[in-house]
Amino acid sequence: MKDVILQLDSVSKTFDGKKVLDNLNLEIGRNEFITLLGPSGCGKSTTLRIIGGFVKPDSGRVLFEGKDITDLSPDKRNINTVFQKYSLFPHMNVAENIAFGLKLKKKSSQYIKDKIKYALKLVNMDGYEERKPDSLSGGQQQRVAIARAIVNEPDVLLLDEPLGALDLKLRHGMQRELIKIKKEVGITFIYVTHDQEEALTMSDRIVVMNKGIIQQMGTSKSIYDEPQNAFVADFIGDSNIIDGVMKADRLVEIQGAAIPCVDEGFGRDELVDVVIRPEDLVITREDQGYLKGMVVSIIFKGAYYEIKVRVGQYDWVIQSVNPAQIGSMVGLTILPDNIQIMHKPHSEDAQVEKRD
Amino acid sequence: MVEKLKNWLSRFYIGIILLFMYAPILVLIVLSFNQSRSRVVWGGFTLSWYKSLFSNAQIMDALWTTLVLAFLSAFIATIIGVMGALGIHAMRRKNYQVMMMFTDIPLLNADIVTGIALMLWFVRFLPLGFTSVVVAHITFNIPYVILSVMPRIQQMNVSLYEAARDLGANAVYGFFRVVLPQLASGILSGFFMAFTMSMDDFVITYFTKGAGVNTLSTMIYAQIRRGIKPELYALSTIIFAFVFIILILVNYWPGASGKGKRAEKDY
């Protein structure tokens, strides 16, 4: 049985007549690193703000350790937030920023001093006590913001795209550090991002959201390997998504070719979405693949080549360590394991837009 | 060669502008130290006009009234203006624009219109006197405060207040400890602007004051018929110096200048 620390119970929220969250249910386990992932406007930030107490849901409840905290203001919740734009108080130095919450809790000055020292060490910023926020770089400000939140020893830490403003290299470094900090302080992290790579790297569990609805929940691996609908497949990583027809159990027809797969239980001749990851497609000689097509482009990406092969009207994206000749005819083959079959969405709500 | 000429011309142009703007004030300052009563003859240096200025009960009375009025109206207008600016900022876009337009109208409106309108209003509801002048000054000061505070509010990161609440501050503490310090320089310059506007005003004061109440401007106006006494040069010099100092304070206030520079860096 999972130890649930926080629960959202059929939460809905409408802004200006637009439904942002639609009957959202979510359980978050103690000490979990959970990531809400989705494109902008999917409701992930609103979910976080409801948990933090900055937004009141129109209906539904927020339960903390089983107690209803829906109407509790942010200062009454033992939850702290690391905001997207750092939000350090510019008129206070680093130490005063970190002490802000502790002073409100009437902690002794010795305790506060020790805590500041500990927190700055934790985020690798020792010695910066006297600096003003605007003299720090973006990455440093974000570290201080994290320190300021965790000194209060919250039960849950909310992080709203905290690395969004940092450059790529810094972001990777901070991802590793966040995981380290999480291990050290041992509190529940609820992380919001639109960056799928960030989500896959850090999370115990990912909640993929779109249009105010949870599309899929699961570990990084299960979300990447077994997307449940075309939206998730498209949003997480690169993928080829194409129409198919189930001919029988473990046999799907794509572009006229019958290809063995491992999925069962679909109706005979049912229309399905087929997802194939670019790295799973293998280029063969023209007469050896399931599909036949012409190489239309090839881009060197460092670790691999991204090759596009046109079969009929569709350009397949393939990642391969070997280059191919533009204009040449090739075959495409794939292992049954690497084909992911999904039901076509049947309701309007589940019909999710494709990103471009 | 042409460059040199251009350079010289632009300097000459600036020089002319500054001369037209400041030469009259310079003359006034010089005359305030002139022993001769004449406006064209230099009769030697003296401080006697300053001496007789400070012993003139009528002038001192008007000065005191002016300062109290300016402080009181600027102070109250600042409180109302800051609250108003925060409220307007929180409005939706359309209401915001409408409210800001209403805020601009009193600024652009001719003083005479405001003065007469307020007088008519007061005649019906409030006896003309010191109180009515204070109310009138508060009225025309509020827009100045709103206009100088609003940019600060817009620059402020809204999540600062949320961060304060998040860390355990209640609404009042969060406002005074986090929001207000961000707006301090805007509030301060709004206050000083309102203060000088109040000190400056003649038309509205003239229409809304009752008998017996005199600010410097209305008193000087009343005295013009008997000719301007050199004491008033001295007084004007002091007021100019005072305003000049305020201006320097507002522009070089440590918080204000630091924030200005930072804002530039952001763009």
# chains A, B, ... in the order shown; residues from 1 in each chain; ligands from 1

$ closest_atom_pairs --of "chain B" --to "chain A" --cutoff "9 Å" --atoms "only C-alpha atoms" --output "tab-separated table"
residue	atom	partner	partner_atom	distance
B:Asn157	CA	A:Ser87	CA	7.0
B:Val158	CA	A:Ser87	CA	8.5
B:Ser159	CA	A:Ser87	CA	6.1
B:Leu160	CA	A:Ser87	CA	5.2
B:Tyr161	CA	A:Ser87	CA	8.7
B:Glu162	CA	A:Phe54	CA	7.4
B:Ala163	CA	A:Ser87	CA	6.6
B:Ala164	CA	A:Phe100	CA	8.1
B:Arg165	CA	A:Asp75	CA	5.1
B:Asp166	CA	A:Pro74	CA	5.2
B:Leu167	CA	A:Gly101	CA	4.8
B:Gly168	CA	A:Asp75	CA	3.9
B:Ala169	CA	A:Asp75	CA	5.8
B:Asn170	CA	A:Asp75	CA	6.3
B:Ala171	CA	A:Asp75	CA	9.0
B:Val178	CA	A:Phe89	CA	6.9
B:Pro181	CA	A:His91	CA	7.1
B:Gln182	CA	A:His91	CA	7.4
B:Arg262	CA	A:Asp134	CA	8.3

$ write_last_selection --atoms "C-alpha atoms" --output "compact mmCIF listing (two decimals), in the first residue's frame"
# COMPACT_ATOMS: atom_id res chain seq x y z
CA ASN B 157 7.66 40.35 -10.14
CA VAL B 158 4.16 39.39 -8.94
CA SER B 159 5.37 36.11 -7.58
CA LEU B 160 7.39 37.99 -4.94
CA TYR B 161 4.22 38.43 -2.90
CA GLU B 162 3.31 34.80 -3.49
CA ALA B 163 6.79 33.77 -2.40
CA ALA B 164 6.30 35.67 0.86
CA ARG B 165 2.95 33.97 1.47
CA ASP B 166 4.51 30.66 0.53
CA LEU B 167 7.20 31.10 3.18
CA GLY B 168 4.59 31.65 5.86
CA ALA B 169 3.84 35.38 5.79
CA ASN B 170 0.25 36.49 6.21
CA ALA B 171 -1.19 39.02 3.77
CA VAL B 178 8.01 42.49 0.54
CA PRO B 181 9.92 47.93 -0.29
CA GLN B 182 9.75 47.17 -4.02
CA ARG B 262 19.09 47.58 -12.93

$ select_by_dssp --residues "region 147-177 of chain B" --states "alpha helix (DSSP H)" --output "PyMOL selection string"
chain B and resi 147-155+159-166+171-174

$ write_last_selection --atoms "C-alpha atoms" --output "PDB file, in the first residue's frame"
ATOM      1  CA  LEU B 147       1.441  57.660 -12.285  1.00  0.00           C
ATOM      2  CA  SER B 148       4.742  57.428 -10.443  1.00  0.00           C
ATOM      3  CA  VAL B 149       3.894  54.234  -8.553  1.00  0.00           C
ATOM      4  CA  MET B 150       2.327  52.323 -11.466  1.00  0.00           C
ATOM      5  CA  PRO B 151       5.561  51.644 -13.405  1.00  0.00           C
ATOM      6  CA  ARG B 152       7.113  50.205 -10.246  1.00  0.00           C
ATOM      7  CA  ILE B 153       4.156  47.891  -9.745  1.00  0.00           C
ATOM      8  CA  GLN B 154       4.374  46.772 -13.342  1.00  0.00           C
ATOM      9  CA  GLN B 155       8.084  46.090 -13.020  1.00  0.00           C
ATOM     10  CA  SER B 159       5.371  36.106  -7.579  1.00  0.00           C
ATOM     11  CA  LEU B 160       7.390  37.989  -4.936  1.00  0.00           C
ATOM     12  CA  TYR B 161       4.221  38.429  -2.903  1.00  0.00           C
ATOM     13  CA  GLU B 162       3.306  34.800  -3.492  1.00  0.00           C
ATOM     14  CA  ALA B 163       6.789  33.767  -2.405  1.00  0.00           C
ATOM     15  CA  ALA B 164       6.303  35.670   0.858  1.00  0.00           C
ATOM     16  CA  ARG B 165       2.954  33.971   1.470  1.00  0.00           C
ATOM     17  CA  ASP B 166       4.507  30.656   0.530  1.00  0.00           C
ATOM     18  CA  ALA B 171      -1.192  39.016   3.769  1.00  0.00           C
ATOM     19  CA  VAL B 172      -0.335  42.120   5.837  1.00  0.00           C
ATOM     20  CA  TYR B 173       3.225  41.065   6.644  1.00  0.00           C
ATOM     21  CA  GLY B 174       3.847  40.051   3.043  1.00  0.00           C
TER      22      GLY B 174
END

$ residues_around --residues "Lys182 (chain A)" --least-positions-apart "5" --cutoff "9 Å" --atoms "only C-alpha atoms" --output "list of chain:residue names"
A:Asn31, A:Phe33, A:Glu177, A:Ile187, A:Thr188, A:Phe189

$ residues_around --residues "Ile334 (chain A)" --least-positions-apart "5" --cutoff "7 Å" --atoms "only C-alpha atoms" --output "MDAnalysis selection string"
chainID A and resid 280:282

$ write_last_selection --atoms "N, CA and C atoms" --output "mmCIF file, in the first residue's frame"
data_model
loop_
_atom_site.group_PDB
_atom_site.id
_atom_site.type_symbol
_atom_site.label_atom_id
_atom_site.label_comp_id
_atom_site.auth_asym_id
_atom_site.auth_seq_id
_atom_site.Cartn_x
_atom_site.Cartn_y
_atom_site.Cartn_z
ATOM 1 N N ASP A 280 14.340 2.659 -33.345
ATOM 2 C CA ASP A 280 13.979 1.252 -33.464
ATOM 3 C C ASP A 280 13.862 0.791 -34.918
ATOM 4 N N LEU A 281 13.805 1.740 -35.834
ATOM 5 C CA LEU A 281 13.717 1.371 -37.246
ATOM 6 C C LEU A 281 15.114 1.036 -37.772
ATOM 7 N N VAL A 282 15.188 -0.009 -38.561
ATOM 8 C CA VAL A 282 16.487 -0.430 -39.103
ATOM 9 C C VAL A 282 16.437 -0.370 -40.628
#

$ residues_around --residues "region 169-172 of chain A" --least-positions-apart "3" --cutoff "12 Å" --atoms "only C-alpha atoms" --output "ChimeraX atom specification"
/A:137-140,142-143,161-166,175-179,195,197-199,201-202

$ atom_distance --atom1 "CA of Met209 (chain A)" --atom2 "CA of Leu72 (chain A)"
25.5 Å

$ residues_around --residues "Ile220 (chain B)" --least-positions-apart "5" --cutoff "10 Å" --atoms "only C-alpha atoms" --output "count of residues only"
9

$ residues_around --residues "Gly87 (chain B)" --least-positions-apart "3" --cutoff "12 Å" --atoms "only C-alpha atoms" --output "PyMOL selection string"
chain B and resi 80-84+90-92+95-96+99-100+146+149-150+153

$ atom_distance --atom1 "CA of Thr219 (chain A)" --atom2 "CA of Val274 (chain A)"
21.1 Å
